Amino acid sequence: MSEHSEPTTGAAEPLDGRMDSATEAFVAHRNLLFTVAYEMLGSAADAEDVLQETWLRWMKVDMGQVRDQRAYLVRITTRRSLDRLRTMNRRKEDYVGSWLPEPLLTAPDVAEDVELAESVSMALMIVLETLSPTERAVFVLREAFGISHDEIAAAVGKSPAAVRQIAHRAREHVDARRPREEVAPNQARAVLESFQRAFETRDLQGLLDVLAPEVVLISDGGGIKRASPRPITGAGKVARFIVGGLGKARVALTSVHTVVNGNPAIVLRVNGEIDGVIAVRVEHARITGLYYVRNPQKLTRVESETPLTLT
């Protein structure tokens with residue numbers, strides 16, 4: 001039975017046994033649904049809106065017609081995320097400067113879960129931005145959550161055969177652009193520690209030693225905070241931007257043991273206030289990508305942990 005053909009109940013109906021069961025199922029899968037929506041959208045605020053829409057729709061579903069509550073909830077969340085993703089893409093066309101995903105402070109043990117850490121990493125999330133909405137949905141559901149082609153087909157309104165083709169095309173696209181090397185959390189922290197020392201002392205040579213020659217820095221100020229309007233490429237240009245960009249501000253860097261999007265990262269504070277988050281892409285013991293989020297509207301999730309899960 002399609003999502004749109006379910007019998008509905010009145011929104012004002014009291015919480016009876018049916019409603020209690022539905023609530024329990026939603027709460028049990030909430031972290032999963034948030035993770036699905038966030039990976040599709042790159043925005044925690046929009047993901048929360050999708051969850052609210054999913055909840056409202058779920059409250060109208062006849063539980064007697066639902067065989068797999070998890071699959072059904074994921075289907076609703078996916079459809080709502082696709083609708084919102086298309087709207088977001090239009091918003092991004094008017095966005096000032098580069099657009100980066102909203103960083104999330106995550107529990108340290110997320111970094112030890114290789115699949116989860118990679119799926120929410122800033123580096124991969126940026127690659128996902130290059131996919132079409134449907135490609136992104138199919139890739140996320142298949143690669144990150146292991147959902148069957150048949151279930152994905154029901155969620156995105158395509159045939160299973162079409163979903164297989166989309167999944168193959170999206171995987172090739174992502175594989176050509178994702179980091180070529182898996183880096184253990186302790187290795188990434190070691191690289192970040194070297195970067196942090198050079199950053200804090202404005203050591204130009206120290207930065208050049210830790211940055212790969214082809215490093216790319218993307219900064220997102222959203223038109224609210226100062227940021228480079230375009231990506232900066234090359235170790236020399238990136239190092240000079242970092243050193244020169246500090247100005248006379250009093251900068252303090254939070255320990256690189258901070259875990260953002262499942263990976264070691266740095267939180268910057270200027271005069272005691274959070275100024276931004278720096279996430280990195282590390283390959284062969286050097287930084288190949290720096291992602292500096294300064295837009296204050298995207299920094300609301302870096303002081304308390306956001307629970308994420310793939311199950």
# chains A, B, ... in the order shown; residues from 1 in each chain; ligands from 1
$ select_by_dssp --residues "range 191-233 of chain A" --states "strand (DSSP E)" --output "PyMOL selection string"
chain A and resi 211-220+232-233
$ write_last_selection --atoms "all heavy atoms" --output "CSV table (one decimal), in the first residue's frame"
chain,number,residue,atom,x,y,z
A,211,LEU,N,50.2,20.4,5.0
A,211,LEU,CA,49.3,20.5,3.9
A,211,LEU,C,49.8,19.8,2.7
A,211,LEU,O,51.0,20.0,2.3
A,211,LEU,CB,49.0,22.0,3.6
A,211,LEU,CG,48.4,22.8,4.7
A,211,LEU,CD1,48.3,24.3,4.3
A,211,LEU,CD2,47.0,22.3,5.1
A,212,ALA,N,48.9,19.1,2.0
A,212,ALA,CA,49.3,18.4,0.7
A,212,ALA,C,49.4,19.5,-0.3
A,212,ALA,O,48.7,20.6,-0.2
A,212,ALA,CB,48.3,17.4,0.3
A,213,PRO,N,50.3,19.4,-1.3
A,213,PRO,CA,50.4,20.4,-2.3
A,213,PRO,C,49.1,20.8,-3.0
A,213,PRO,O,48.9,21.9,-3.4
A,213,PRO,CB,51.4,19.7,-3.3
A,213,PRO,CG,52.2,18.8,-2.5
A,213,PRO,CD,51.2,18.2,-1.5
A,214,GLU,N,48.2,19.8,-3.1
A,214,GLU,CA,47.0,20.0,-3.9
A,214,GLU,C,45.8,20.4,-2.9
A,214,GLU,O,44.6,20.4,-3.4
A,214,GLU,CB,46.6,18.8,-4.7
A,214,GLU,CG,46.1,17.6,-3.9
A,214,GLU,CD,47.2,16.7,-3.3
A,214,GLU,OE1,48.4,17.2,-3.3
A,214,GLU,OE2,46.9,15.6,-2.9
A,215,VAL,N,46.1,20.7,-1.7
A,215,VAL,CA,45.0,20.9,-0.7
A,215,VAL,C,44.0,22.0,-1.2
A,215,VAL,O,44.4,23.0,-1.9
A,215,VAL,CB,45.7,21.4,0.7
A,215,VAL,CG1,46.4,22.7,0.5
A,215,VAL,CG2,44.6,21.5,1.8
A,216,VAL,N,42.8,21.8,-0.8
A,216,VAL,CA,41.7,22.8,-1.1
A,216,VAL,C,41.1,23.2,0.2
A,216,VAL,O,40.7,22.4,1.0
A,216,VAL,CB,40.7,22.1,-2.1
A,216,VAL,CG1,39.5,23.1,-2.3
A,216,VAL,CG2,41.3,21.7,-3.4
A,217,LEU,N,40.9,24.5,0.3
A,217,LEU,CA,40.2,25.1,1.5
A,217,LEU,C,38.9,25.7,1.0
A,217,LEU,O,38.9,26.5,0.1
A,217,LEU,CB,41.1,26.1,2.2
A,217,LEU,CG,40.5,26.8,3.5
A,217,LEU,CD1,41.5,27.1,4.5
A,217,LEU,CD2,39.6,28.0,3.1
A,218,ILE,N,37.8,25.2,1.7
A,218,ILE,CA,36.5,25.8,1.4
A,218,ILE,C,36.0,26.4,2.7
A,218,ILE,O,36.0,25.8,3.7
A,218,ILE,CB,35.5,24.7,0.9
A,218,ILE,CG1,36.1,24.0,-0.3
A,218,ILE,CG2,34.1,25.3,0.6
A,218,ILE,CD1,35.2,22.8,-0.8
A,219,SER,N,35.6,27.7,2.6
A,219,SER,CA,35.1,28.4,3.8
A,219,SER,C,33.7,28.9,3.6
A,219,SER,O,33.4,29.3,2.5
A,219,SER,CB,36.0,29.5,4.3
A,219,SER,OG,36.3,30.4,3.2
A,220,ASP,N,32.8,28.7,4.6
A,220,ASP,CA,31.4,29.1,4.5
A,220,ASP,C,31.0,30.1,5.5
A,220,ASP,O,31.0,29.7,6.7
A,220,ASP,CB,30.6,27.8,4.6
A,220,ASP,CG,29.1,28.0,4.6
A,220,ASP,OD1,28.7,29.1,4.6
A,220,ASP,OD2,28.4,27.0,4.6
A,232,ILE,N,40.0,27.8,-2.2
A,232,ILE,CA,41.4,28.2,-2.3
A,232,ILE,C,42.2,26.9,-2.5
A,232,ILE,O,42.1,26.0,-1.7
A,232,ILE,CB,41.9,29.0,-1.1
A,232,ILE,CG1,41.1,30.3,-0.9
A,232,ILE,CG2,43.4,29.3,-1.2
A,232,ILE,CD1,41.4,31.0,0.4
A,233,THR,N,43.0,26.9,-3.6
A,233,THR,CA,43.7,25.6,-3.9
A,233,THR,C,45.2,25.9,-3.8
A,233,THR,O,45.7,26.9,-4.3
A,233,THR,CB,43.3,25.2,-5.3
A,233,THR,OG1,41.9,25.0,-5.4
A,233,THR,CG2,44.0,23.8,-5.6
$ closest_atom_pairs --of "range 78-173 of chain A" --to "range 179-190 of chain A" --cutoff "8 Å" --atoms "only C-alpha atoms" --output "Markdown table"
| residue | atom | partner | partner_atom | distance |
| --- | --- | --- | --- | --- |
| A:Ala111 | CA | A:Pro185 | CA | 6.4 |
| A:Glu112 | CA | A:Pro185 | CA | 7.2 |
| A:Ala123 | CA | A:Pro179 | CA | 7.5 |
| A:Leu124 | CA | A:Pro179 | CA | 7.9 |
$ atom_distance --atom1 "CA of Thr134 in chain A" --atom2 "CA of Leu56 in chain A"
23.4 Å
$ closest_residue --among "A:Thr309, A:Phe195, A:Ile147, A:Lys158" --to "Val280 in chain A" --atoms "only C-alpha atoms"
A:Phe195
$ select_by_dssp --residues "range 234-294 of chain A" --states "helix (DSSP H, G or I)" --output "MDAnalysis selection string"
chainID A and resid 235:245
$ write_last_selection --atoms "N, CA, C and O atoms" --output "short mmCIF file (atom, residue, chain, number, x, y, z; two decimals), in the first residue's frame"
data_model
loop_
_atom_site.label_atom_id
_atom_site.label_comp_id
_atom_site.auth_asym_id
_atom_site.auth_seq_id
_atom_site.Cartn_x
_atom_site.Cartn_y
_atom_site.Cartn_z
N ALA A 235 48.92 24.50 -1.38
CA ALA A 235 49.41 24.64 -0.01
C ALA A 235 49.85 26.06 0.32
O ALA A 235 49.56 26.58 1.40
N GLY A 236 50.56 26.70 -0.60
CA GLY A 236 51.05 28.06 -0.34
C GLY A 236 49.92 29.04 -0.13
O GLY A 236 49.92 29.82 0.84
N LYS A 237 48.95 29.04 -1.02
CA LYS A 237 47.83 29.97 -0.92
C LYS A 237 46.99 29.69 0.33
O LYS A 237 46.56 30.62 1.02
N VAL A 238 46.77 28.41 0.63
CA VAL A 238 45.98 28.05 1.81
C VAL A 238 46.69 28.47 3.09
O VAL A 238 46.09 29.04 4.00
N ALA A 239 47.98 28.20 3.18
CA ALA A 239 48.76 28.56 4.37
C ALA A 239 48.75 30.07 4.59
O ALA A 239 48.58 30.55 5.71
N ARG A 240 48.92 30.82 3.53
CA ARG A 240 48.92 32.28 3.67
C ARG A 240 47.55 32.80 4.06
O ARG A 240 47.43 33.76 4.84
N PHE A 241 46.49 32.17 3.54
CA PHE A 241 45.13 32.57 3.92
C PHE A 241 44.91 32.33 5.41
O PHE A 241 44.34 33.16 6.10
N ILE A 242 45.37 31.18 5.90
CA ILE A 242 45.19 30.85 7.32
C ILE A 242 45.95 31.82 8.21
O ILE A 242 45.41 32.38 9.17
N VAL A 243 47.20 32.05 7.88
CA VAL A 243 48.03 32.94 8.71
C VAL A 243 47.51 34.37 8.64
O VAL A 243 47.37 35.06 9.65
N GLY A 244 47.21 34.85 7.43
CA GLY A 244 46.75 36.21 7.28
C GLY A 244 45.35 36.42 7.80
O GLY A 244 45.00 37.50 8.27
N GLY A 245 44.51 35.37 7.74
CA GLY A 245 43.12 35.49 8.15
C GLY A 245 42.92 35.61 9.64
O GLY A 245 41.86 36.02 10.10
#
$ residues_around --residues "range 66-78 of chain A" --least-positions-apart "6" --cutoff "8 Å" --atoms "only C-alpha atoms" --output "list of chain:residue names"
A:Glu3, A:Ala25, A:Phe26, A:His29, A:Leu33, A:Val36, A:Ala37, A:Val50, A:Leu51, A:Thr54, A:Arg57, A:Trp58, A:Ala137, A:Glu151, A:Ile152, A:Ala154, A:Ala155, A:Val156
$ write_last_selection --atoms "C-alpha atoms" --output "PDB file, in the first residue's frame"
ATOM      1  CA  GLU A   3       2.132   6.037   1.652  1.00  0.00           C
ATOM      2  CA  ALA A  25       8.047   2.967  17.044  1.00  0.00           C
ATOM      3  CA  PHE A  26       8.882   6.524  16.017  1.00  0.00           C
ATOM      4  CA  HIS A  29      13.853   4.779  15.148  1.00  0.00           C
ATOM      5  CA  LEU A  33      15.522   8.749  10.675  1.00  0.00           C
ATOM      6  CA  VAL A  36      18.909   9.457   6.944  1.00  0.00           C
ATOM      7  CA  ALA A  37      17.525  12.986   6.599  1.00  0.00           C
ATOM      8  CA  VAL A  50      11.669  16.475   7.971  1.00  0.00           C
ATOM      9  CA  LEU A  51      11.317  14.444  11.163  1.00  0.00           C
ATOM     10  CA  THR A  54       7.437  12.354   9.153  1.00  0.00           C
ATOM     11  CA  ARG A  57       2.368  11.656   8.548  1.00  0.00           C
ATOM     12  CA  TRP A  58       3.124   8.620  10.733  1.00  0.00           C
ATOM     13  CA  ALA A 137      18.791   9.411  -1.897  1.00  0.00           C
ATOM     14  CA  GLU A 151      12.575  -0.755  -0.581  1.00  0.00           C
ATOM     15  CA  ILE A 152      14.492   2.153  -2.127  1.00  0.00           C
ATOM     16  CA  ALA A 154       9.213   2.301  -3.090  1.00  0.00           C
ATOM     17  CA  ALA A 155      10.760   5.305  -1.340  1.00  0.00           C
ATOM     18  CA  VAL A 156      11.892   7.226  -4.434  1.00  0.00           C
TER      19      VAL A 156
END
$ closest_atom_pairs --of "range 26-87 of chain A" --to "range 282-300 of chain A" --cutoff "12 Å" --atoms "only C-alpha atoms" --output "Markdown table"
| residue | atom | partner | partner_atom | distance |
| --- | --- | --- | --- | --- |
| A:Gly42 | CA | A:Lys298 | CA | 10.4 |
| A:Ser43 | CA | A:Lys298 | CA | 8.1 |
| A:Ala44 | CA | A:Lys298 | CA | 8.5 |
| A:Ala45 | CA | A:Lys298 | CA | 8.7 |
| A:Asp46 | CA | A:Lys298 | CA | 11.2 |
$ write_last_selection --atoms "all heavy atoms" --output "PDB file, in the first residue's frame"
ATOM      1  N   GLY A  42      22.283  17.454   4.528  1.00  0.00           N
ATOM      2  CA  GLY A  42      23.450  18.195   4.990  1.00  0.00           C
ATOM      3  C   GLY A  42      23.101  19.330   5.935  1.00  0.00           C
ATOM      4  O   GLY A  42      23.933  20.201   6.208  1.00  0.00           O
ATOM      5  N   SER A  43      21.888  19.324   6.434  1.00  0.00           N
ATOM      6  CA  SER A  43      21.419  20.386   7.324  1.00  0.00           C
ATOM      7  C   SER A  43      20.643  19.775   8.469  1.00  0.00           C
ATOM      8  O   SER A  43      19.623  19.091   8.247  1.00  0.00           O
ATOM      9  CB  SER A  43      20.515  21.368   6.556  1.00  0.00           C
ATOM     10  OG  SER A  43      19.760  22.166   7.440  1.00  0.00           O
ATOM     11  N   ALA A  44      21.105  20.007   9.695  1.00  0.00           N
ATOM     12  CA  ALA A  44      20.409  19.468  10.863  1.00  0.00           C
ATOM     13  C   ALA A  44      19.054  20.131  11.038  1.00  0.00           C
ATOM     14  O   ALA A  44      18.072  19.485  11.400  1.00  0.00           O
ATOM     15  CB  ALA A  44      21.268  19.663  12.113  1.00  0.00           C
ATOM     16  N   ALA A  45      18.983  21.440  10.786  1.00  0.00           N
ATOM     17  CA  ALA A  45      17.719  22.158  10.933  1.00  0.00           C
ATOM     18  C   ALA A  45      16.669  21.600   9.977  1.00  0.00           C
ATOM     19  O   ALA A  45      15.526  21.349  10.363  1.00  0.00           O
ATOM     20  CB  ALA A  45      17.923  23.649  10.684  1.00  0.00           C
ATOM     21  N   ASP A  46      17.050  21.379   8.732  1.00  0.00           N
ATOM     22  CA  ASP A  46      16.108  20.823   7.765  1.00  0.00           C
ATOM     23  C   ASP A  46      15.779  19.373   8.086  1.00  0.00           C
ATOM     24  O   ASP A  46      14.646  18.927   7.860  1.00  0.00           O
ATOM     25  CB  ASP A  46      16.679  20.955   6.356  1.00  0.00           C
ATOM     26  CG  ASP A  46      16.586  22.374   5.827  1.00  0.00           C
ATOM     27  OD1 ASP A  46      15.505  22.791   5.411  1.00  0.00           O
ATOM     28  OD2 ASP A  46      17.610  23.085   5.848  1.00  0.00           O
TER      29      ASP A  46
END
$ residues_around --residues "Ser121 in chain A" --least-positions-apart "3" --cutoff "7 Å" --atoms "only C-alpha atoms" --output "PyMOL selection string"
chain A and resi 117-118+124-125+261-263
$ write_last_selection --atoms "N, CA, C and O atoms" --output "short mmCIF file (atom, residue, chain, number, x, y, z; two decimals), in the first residue's frame"
data_model
loop_
_atom_site.label_atom_id
_atom_site.label_comp_id
_atom_site.auth_asym_id
_atom_site.auth_seq_id
_atom_site.Cartn_x
_atom_site.Cartn_y
_atom_site.Cartn_z
N ALA A 117 31.22 6.81 10.46
CA ALA A 117 32.10 7.97 10.40
C ALA A 117 32.31 8.44 8.97
O ALA A 117 32.31 9.64 8.68
N GLU A 118 32.49 7.49 8.04
CA GLU A 118 32.69 7.89 6.65
C GLU A 118 31.41 8.47 6.06
O GLU A 118 31.44 9.47 5.34
N LEU A 124 32.83 13.38 2.55
CA LEU A 124 31.86 12.64 1.74
C LEU A 124 30.59 13.46 1.53
O LEU A 124 30.00 13.44 0.44
N MET A 125 30.16 14.18 2.56
CA MET A 125 28.94 14.98 2.42
C MET A 125 29.09 16.01 1.30
O MET A 125 28.13 16.29 0.58
N ASN A 261 31.04 15.29 12.98
CA ASN A 261 30.65 14.41 11.87
C ASN A 261 31.45 13.11 11.87
O ASN A 261 31.87 12.61 10.83
N GLY A 262 31.68 12.58 13.08
CA GLY A 262 32.34 11.29 13.21
C GLY A 262 33.83 11.30 13.00
O GLY A 262 34.47 10.24 12.99
N ASN A 263 34.43 12.47 12.85
CA ASN A 263 35.86 12.56 12.59
C ASN A 263 36.50 13.65 13.43
O ASN A 263 35.85 14.64 13.77
#
$ closest_residue --among "A:Arg79, A:Ala161, A:Thr311, A:Ile266" --to "Thr35 in chain A" --atoms "only C-alpha atoms"
A:Thr311
$ residues_around --residues "range 148-150 of chain A" --least-positions-apart "2" --cutoff "8 Å" --atoms "only C-alpha atoms" --output "list in words"
Arg142, Gly146, Ile152, Ala153, Ala154, Ser159, Pro160, Val163 and Arg164 of chain A
$ closest_residue --among "A:Val127, A:Ala198, A:Leu308, A:Leu207" --to "Arg171 in chain A" --atoms "only C-alpha atoms"
A:Val127
